[in-house]
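J.: Below you'll find the structure I mean.
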Amino acid sequence: MGSLGTFLRYPDDVYPLLKMKRAIEKAEKQIPPEPHWGFCYSMLHKVSRSFSLVIQQLGTDLRNAVCVFYLVLRALDTVEDDTSIPTDEKLPILIAFHRHIYDTDWHYSCGTKEYKVLMDQFHHVAAAFLELEKGYQEAIEEITKRMGAGMAKFICQEVETVDDYDEYCHYVAGLVGLGLSKLFLASGSEVLLPDWEQISNSMGLFLQKTNIIRDYLEDINEIPKSRMFWPRKIWGKYADKLEDLKYEENSTKAVHCLNEMVTNALTHIEDCLKYMAALRDPSIFRFCAIPQIMAIGTLALCYNNVQVFRGVVKLRRGLTAKVIDRTKTMADVYGAFHDFSCMLKTKVDKNDPNASMTLNRLEAVQKVCRDTGVLHKRKSYINDKGQSYNVYIVMVVILLAIVFAYLRAN
């Protein structure tokens, strides 16, 4: 769950972590008995434990549709990500993937670890897909077809301009936002705003751009071939080659490039807030809101942080648990976005070449949050830090003793 030092520094993490651990255990015990559904939910736990936890809040029919949708796109993404597959073999698979989801005999061996298992036993996902209502099937097929075609396009084309970057992110994540909106509509739980396509797309782009920023080092070190998603229009200002940013001698320019990438991602926040504010179903709201808060928190952590080019940068597990535990209403979302934008704002260096643009975008986000008048109604993520008071240390020690006793007993 975490180290003793982390618990002593952040004693408020302990209770949310315990709640999250129990929720994960409960979700793992609720695996459906049918072999194909059992495989889908077991695989979901393996490829994304946090997503598998959030999805449990949805109603059964919608939860099943979202689970299958996620695994279909994860399988498609596994094909795209496997740089060992020859291009002439990969392209037809991506383009035809929407037809494979109807074929319970189809499988393709690629990927590693749990993703290889997903691809080898894809017939279980196809079987589950065929049991979904027609409205869900049509939405999943359409998005899979469009995404596969978009991925195929960028196998043969590098991300050169910012428009290319937005287009690539639309294919691999914006379409996920559109697809989820279609599933919510098909469930009868939500209605769509007139600009639903634009703001659904922004929901996906904000998450994808955060992942692309955070995963720089993993992508650039990919074997046998690097994966490069940062647009040349941005990184070309700071280096001759994208991989040069990981070298220590280029740290200053690398951080400036990173900060411009984060500033670009901030452009989608206002659309995201508009999308979430329009949701009516509480379970769908939490399902959508938690990843968005995690994204703004991750950007605040990555901004001006050279560690992005040295290793893994991610939110501590305790803060993730707090986000999951506390996110219940739109007031919580506005508060979290305000908190993390304030955190990011304190890191802006006036000498950074994009400082004024970054500050303008952060101030626009803060104004949207302040104008709602609800910021006082929730705990802050910024001021919610560990205390030096002995009483907190005593509480942590007692709680840790309970945790260890519980783990030994089980």
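By convention here, the chains of the structure tokens are called A, B, ... in the order presented, each chain's residues are numbered starting at 1, and ligands are numbered starting at 1 in the order presented.
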Would you mind listing what lies within 12 Å of A:Lys90 as a PyMOL selection string, with only C-alpha atoms counted and same-chain residues fewer than 3 positions away left out?

T.: chain A and resi 76-87+93-97+108-110+148-149+151-156

J.: Those selected residues, please, written with N, CA and C atoms and delivered as a short mmCIF file (atom, residue, chain, number, x, y, z; two decimals), in the first residue's frame.

T.:
data_model
loop_
_atom_site.label_atom_id
_atom_site.label_comp_id
_atom_site.auth_asym_id
_atom_site.auth_seq_id
_atom_site.Cartn_x
_atom_site.Cartn_y
_atom_site.Cartn_z
N LEU A 76 -6.83 -3.44 -29.68
CA LEU A 76 -6.45 -2.66 -30.86
C LEU A 76 -5.16 -1.87 -30.58
N ASP A 77 -5.09 -1.28 -29.41
CA ASP A 77 -3.91 -0.52 -29.01
C ASP A 77 -2.68 -1.41 -28.88
N THR A 78 -2.89 -2.66 -28.45
CA THR A 78 -1.78 -3.60 -28.33
C THR A 78 -1.15 -3.89 -29.69
N VAL A 79 -1.99 -4.02 -30.70
CA VAL A 79 -1.49 -4.22 -32.07
C VAL A 79 -0.70 -2.99 -32.50
N GLU A 80 -1.26 -1.80 -32.27
CA GLU A 80 -0.58 -0.57 -32.69
C GLU A 80 0.76 -0.41 -31.97
N ASP A 81 0.78 -0.72 -30.67
CA ASP A 81 1.98 -0.48 -29.85
C ASP A 81 3.11 -1.46 -30.11
N ASP A 82 2.80 -2.65 -30.64
CA ASP A 82 3.83 -3.67 -30.82
C ASP A 82 4.71 -3.31 -32.02
N THR A 83 5.87 -2.74 -31.71
CA THR A 83 6.75 -2.27 -32.78
C THR A 83 7.48 -3.40 -33.49
N SER A 84 7.29 -4.65 -33.03
CA SER A 84 7.93 -5.79 -33.71
C SER A 84 7.09 -6.31 -34.87
N ILE A 85 5.84 -5.87 -34.98
CA ILE A 85 4.98 -6.32 -36.09
C ILE A 85 5.32 -5.54 -37.35
N PRO A 86 5.63 -6.19 -38.45
CA PRO A 86 5.93 -5.47 -39.70
C PRO A 86 4.75 -4.62 -40.14
N THR A 87 5.04 -3.47 -40.70
CA THR A 87 3.98 -2.53 -41.09
C THR A 87 2.99 -3.15 -42.06
N ILE A 93 -4.60 -5.47 -40.11
CA ILE A 93 -5.23 -5.85 -38.84
C ILE A 93 -5.93 -4.65 -38.22
N LEU A 94 -5.27 -3.50 -38.22
CA LEU A 94 -5.87 -2.29 -37.65
C LEU A 94 -7.13 -1.90 -38.41
N ILE A 95 -7.05 -1.95 -39.72
CA ILE A 95 -8.17 -1.50 -40.55
C ILE A 95 -9.37 -2.44 -40.45
N ALA A 96 -9.12 -3.73 -40.25
CA ALA A 96 -10.21 -4.72 -40.21
C ALA A 96 -10.62 -5.11 -38.79
N PHE A 97 -10.07 -4.46 -37.79
CA PHE A 97 -10.29 -4.90 -36.42
C PHE A 97 -11.77 -4.88 -36.02
N TYR A 108 -4.90 -13.07 -32.39
CA TYR A 108 -3.62 -12.68 -33.02
C TYR A 108 -2.59 -12.55 -31.91
N SER A 109 -1.51 -13.27 -32.04
CA SER A 109 -0.51 -13.28 -30.97
C SER A 109 0.45 -12.10 -31.11
N CYS A 110 0.38 -11.17 -30.14
CA CYS A 110 1.30 -10.04 -30.09
C CYS A 110 1.25 -9.46 -28.69
N GLY A 148 -9.21 2.29 -35.70
CA GLY A 148 -8.27 1.45 -36.44
C GLY A 148 -7.74 2.16 -37.68
N ALA A 149 -8.64 2.85 -38.39
CA ALA A 149 -8.23 3.58 -39.59
C ALA A 149 -7.29 4.72 -39.24
N MET A 151 -5.32 4.93 -36.54
CA MET A 151 -4.03 4.37 -36.13
C MET A 151 -3.21 3.97 -37.35
N ALA A 152 -3.87 3.36 -38.32
CA ALA A 152 -3.18 2.93 -39.54
C ALA A 152 -2.57 4.14 -40.26
N LYS A 153 -3.29 5.23 -40.25
CA LYS A 153 -2.79 6.46 -40.90
C LYS A 153 -1.48 6.91 -40.26
N PHE A 154 -1.43 6.86 -38.93
CA PHE A 154 -0.25 7.40 -38.24
C PHE A 154 0.87 6.37 -38.08
N ILE A 155 0.62 5.12 -38.51
CA ILE A 155 1.73 4.18 -38.62
C ILE A 155 2.65 4.63 -39.76
N CYS A 156 2.04 5.23 -40.77
CA CYS A 156 2.79 5.65 -41.95
C CYS A 156 3.10 7.15 -41.95
#

J.: What's the 12 Å shell around A:Leu132, counting only C-alpha atoms, without same-chain residues fewer than 5 positions away, as a compact mmCIF listing (two decimals) with C-alpha atoms, in the first residue's frame?

T.:
# COMPACT_ATOMS: atom_id res chain seq x y z
CA TRP A 37 -17.42 -12.57 -18.83
CA THR A 60 -24.79 -3.94 -14.97
CA ASP A 61 -25.66 -3.49 -18.66
CA LEU A 62 -23.65 -0.31 -19.10
CA ARG A 63 -20.77 -1.75 -17.06
CA ASN A 64 -20.61 -4.79 -19.35
CA ALA A 65 -20.64 -2.59 -22.46
CA VAL A 66 -17.89 -0.31 -21.12
CA CYS A 67 -15.81 -3.33 -20.06
CA VAL A 68 -15.99 -4.86 -23.54
CA PHE A 69 -15.40 -1.46 -25.19
CA ILE A 101 -14.98 -8.37 -32.79
CA TYR A 102 -17.82 -10.37 -34.39
CA VAL A 125 -14.07 -10.66 -25.65
CA ALA A 126 -15.85 -11.35 -28.96
CA ALA A 127 -18.28 -13.71 -27.20
CA GLN A 137 -22.62 -3.12 -30.39
CA GLU A 138 -23.15 -0.46 -33.06
CA ALA A 139 -21.39 2.21 -31.00
CA ILE A 140 -18.41 -0.05 -30.25
CA GLU A 141 -18.09 -1.21 -33.87
CA LEU A 183 -22.85 4.19 -24.74
CA ALA A 186 -27.75 4.04 -25.45
CA SER A 187 -28.15 3.19 -21.76

J.: Excluding A:Lys233 and any residue of its chain fewer than 6 positions from it, enumerate the residues within 8 Å of it, using only C-alpha atoms, and give them as a PDB file with N, CA and C atoms, in the first residue's frame.

T.:
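Writing done, so here's selection00.pdb:
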ATOM      1  N   GLU A 160       3.973  15.622 -36.921  1.00  0.00           N
ATOM      2  CA  GLU A 160       4.810  16.775 -37.244  1.00  0.00           C
ATOM      3  C   GLU A 160       4.273  18.058 -36.605  1.00  0.00           C
ATOM      4  N   THR A 161       3.041  18.388 -36.907  1.00  0.00           N
ATOM      5  CA  THR A 161       2.461  19.653 -36.451  1.00  0.00           C
ATOM      6  C   THR A 161       1.588  19.431 -35.222  1.00  0.00           C
ATOM      7  N   VAL A 162       1.171  20.542 -34.604  1.00  0.00           N
ATOM      8  CA  VAL A 162       0.244  20.446 -33.471  1.00  0.00           C
ATOM      9  C   VAL A 162      -1.107  19.919 -33.949  1.00  0.00           C
TER      10      VAL A 162
END

J.: Report as a PyMOL selection string all protein, DNA and RNA residues lying within 10 Å of A:Tyr165, evaluated on only C-alpha atoms, omitting residues in the same chain fewer than 3 positions from it.

T.: chain A and resi 158-162+168-170+205+209+229-233

J.: For a test of reading the model, state the distance in Å between atom CA of A:Met357 and atom CA of A:Val323, rounded to one decimal.

T.: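 For atom CA of A:Met357 relative to atom CA of A:Val323, the distance reads 28.0 Å.
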
J.: Might you pull out every residue within 10 Å of A:Lys26, with only C-alpha atoms counted and same-chain residues fewer than 6 positions away left off, and present them as a PyMOL selection string?

T.: chain A and resi 20+53+56

J.: Can you tell me, as a PDB file with N, CA, C and O atoms, in the first residue's frame, what residues are no more than 7 Å from stretch 284-291 of chain A when counting only C-alpha atoms, ignoring any on the same chain fewer than 6 positions away?

T.:
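Listed below is the output, result-v2.pdb:
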ATOM      1  N   VAL A  54     -13.314   1.806 -10.757  1.00  0.00           N
ATOM      2  CA  VAL A  54     -14.279   2.862 -11.073  1.00  0.00           C
ATOM      3  C   VAL A  54     -15.462   2.314 -11.865  1.00  0.00           C
ATOM      4  O   VAL A  54     -16.617   2.710 -11.645  1.00  0.00           O
ATOM      5  N   ILE A  55     -15.192   1.356 -12.760  1.00  0.00           N
ATOM      6  CA  ILE A  55     -16.251   0.826 -13.614  1.00  0.00           C
ATOM      7  C   ILE A  55     -17.302   0.054 -12.819  1.00  0.00           C
ATOM      8  O   ILE A  55     -18.460  -0.069 -13.247  1.00  0.00           O
ATOM      9  N   LEU A  58     -20.919   1.441 -12.234  1.00  0.00           N
ATOM     10  CA  LEU A  58     -21.941   1.554 -13.279  1.00  0.00           C
ATOM     11  C   LEU A  58     -22.966   0.437 -13.165  1.00  0.00           C
ATOM     12  O   LEU A  58     -22.689  -0.634 -12.626  1.00  0.00           O
ATOM     13  N   MET A 276     -18.477  17.334 -17.869  1.00  0.00           N
ATOM     14  CA  MET A 276     -18.798  16.695 -16.588  1.00  0.00           C
ATOM     15  C   MET A 276     -19.964  17.381 -15.882  1.00  0.00           C
ATOM     16  O   MET A 276     -20.788  16.719 -15.237  1.00  0.00           O
ATOM     17  N   VAL A 323      -8.565  10.811  -4.289  1.00  0.00           N
ATOM     18  CA  VAL A 323      -9.376  11.273  -5.421  1.00  0.00           C
ATOM     19  C   VAL A 323     -10.580  10.355  -5.611  1.00  0.00           C
ATOM     20  O   VAL A 323     -11.721  10.813  -5.781  1.00  0.00           O
ATOM     21  N   ILE A 324     -10.353   9.054  -5.559  1.00  0.00           N
ATOM     22  CA  ILE A 324     -11.442   8.090  -5.724  1.00  0.00           C
ATOM     23  C   ILE A 324     -12.464   8.227  -4.599  1.00  0.00           C
ATOM     24  O   ILE A 324     -13.673   8.181  -4.820  1.00  0.00           O
ATOM     25  N   THR A 327     -14.329  12.118  -4.749  1.00  0.00           N
ATOM     26  CA  THR A 327     -15.003  12.644  -5.938  1.00  0.00           C
ATOM     27  C   THR A 327     -16.435  12.135  -6.009  1.00  0.00           C
ATOM     28  O   THR A 327     -16.691  11.003  -6.416  1.00  0.00           O
ATOM     29  N   LYS A 328     -17.356  12.999  -5.623  1.00  0.00           N
ATOM     30  CA  LYS A 328     -18.777  12.616  -5.608  1.00  0.00           C
ATOM     31  C   LYS A 328     -19.662  13.624  -6.333  1.00  0.00           C
ATOM     32  O   LYS A 328     -20.705  13.259  -6.858  1.00  0.00           O
ATOM     33  N   VAL A 333     -15.070  18.274  -8.214  1.00  0.00           N
ATOM     34  CA  VAL A 333     -14.280  18.409  -9.444  1.00  0.00           C
ATOM     35  C   VAL A 333     -13.718  19.822  -9.569  1.00  0.00           C
ATOM     36  O   VAL A 333     -12.521  20.009  -9.829  1.00  0.00           O
TER      37      VAL A 333
END

J.: Please give the complete set of residues from stretch 135-222 of chain A that DSSP, run on the backbone, assigns to alpha helix (DSSP H), formatted as an MDAnalysis selection string.

T.: chainID A and resid 135:155 162:169 175:187 196:214 216:220

J.: What's around A:Asp105 at 7 Å? Count only C-alpha atoms, leave out sequence neighbours fewer than 2 positions away in its own chain, and write the answer as an mmCIF file with N, CA, C and O atoms, in the first residue's frame.

T.:
data_model
loop_
_atom_site.group_PDB
_atom_site.id
_atom_site.type_symbol
_atom_site.label_atom_id
_atom_site.label_comp_id
_atom_site.auth_asym_id
_atom_site.auth_seq_id
_atom_site.Cartn_x
_atom_site.Cartn_y
_atom_site.Cartn_z
ATOM 1 N N ASP A 103 -16.119 -12.107 -34.584
ATOM 2 C CA ASP A 103 -15.603 -13.442 -34.916
ATOM 3 C C ASP A 103 -15.014 -14.104 -33.667
ATOM 4 O O ASP A 103 -13.913 -13.736 -33.215
ATOM 5 N N HIS A 107 -8.025 -14.586 -33.333
ATOM 6 C CA HIS A 107 -7.057 -14.140 -32.328
ATOM 7 C C HIS A 107 -5.763 -13.821 -33.064
ATOM 8 O O HIS A 107 -5.553 -14.224 -34.214
ATOM 9 N N HIS A 123 -11.132 -14.420 -28.231
ATOM 10 C CA HIS A 123 -12.461 -14.995 -28.514
ATOM 11 C C HIS A 123 -13.422 -14.777 -27.349
ATOM 12 O O HIS A 123 -14.639 -14.676 -27.551
#

J.: Point out the residue among A:Leu185, A:Leu73, A:Met228, A:Ala409 with the least atom-to-atom distance to A:Gly135, counting only C-alpha atoms.

T.: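 Going through A:Leu185, A:Leu73, A:Met228, A:Ala409 one by one, the smallest distance to A:Gly135 is for A:Leu185.
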
J.: With only C-alpha atoms as the basis for distance, which of A:Glu133, A:Leu192, A:Ser52, A:Arg146 is at the shortest distance from A:Glu25?

T.: A:Ser52

J.: For the atom pair atom CA of A:Gly297 and atom CA of A:Glu249, what is the interatomic distance in Å to one decimal place?

T.: 28.0 Å
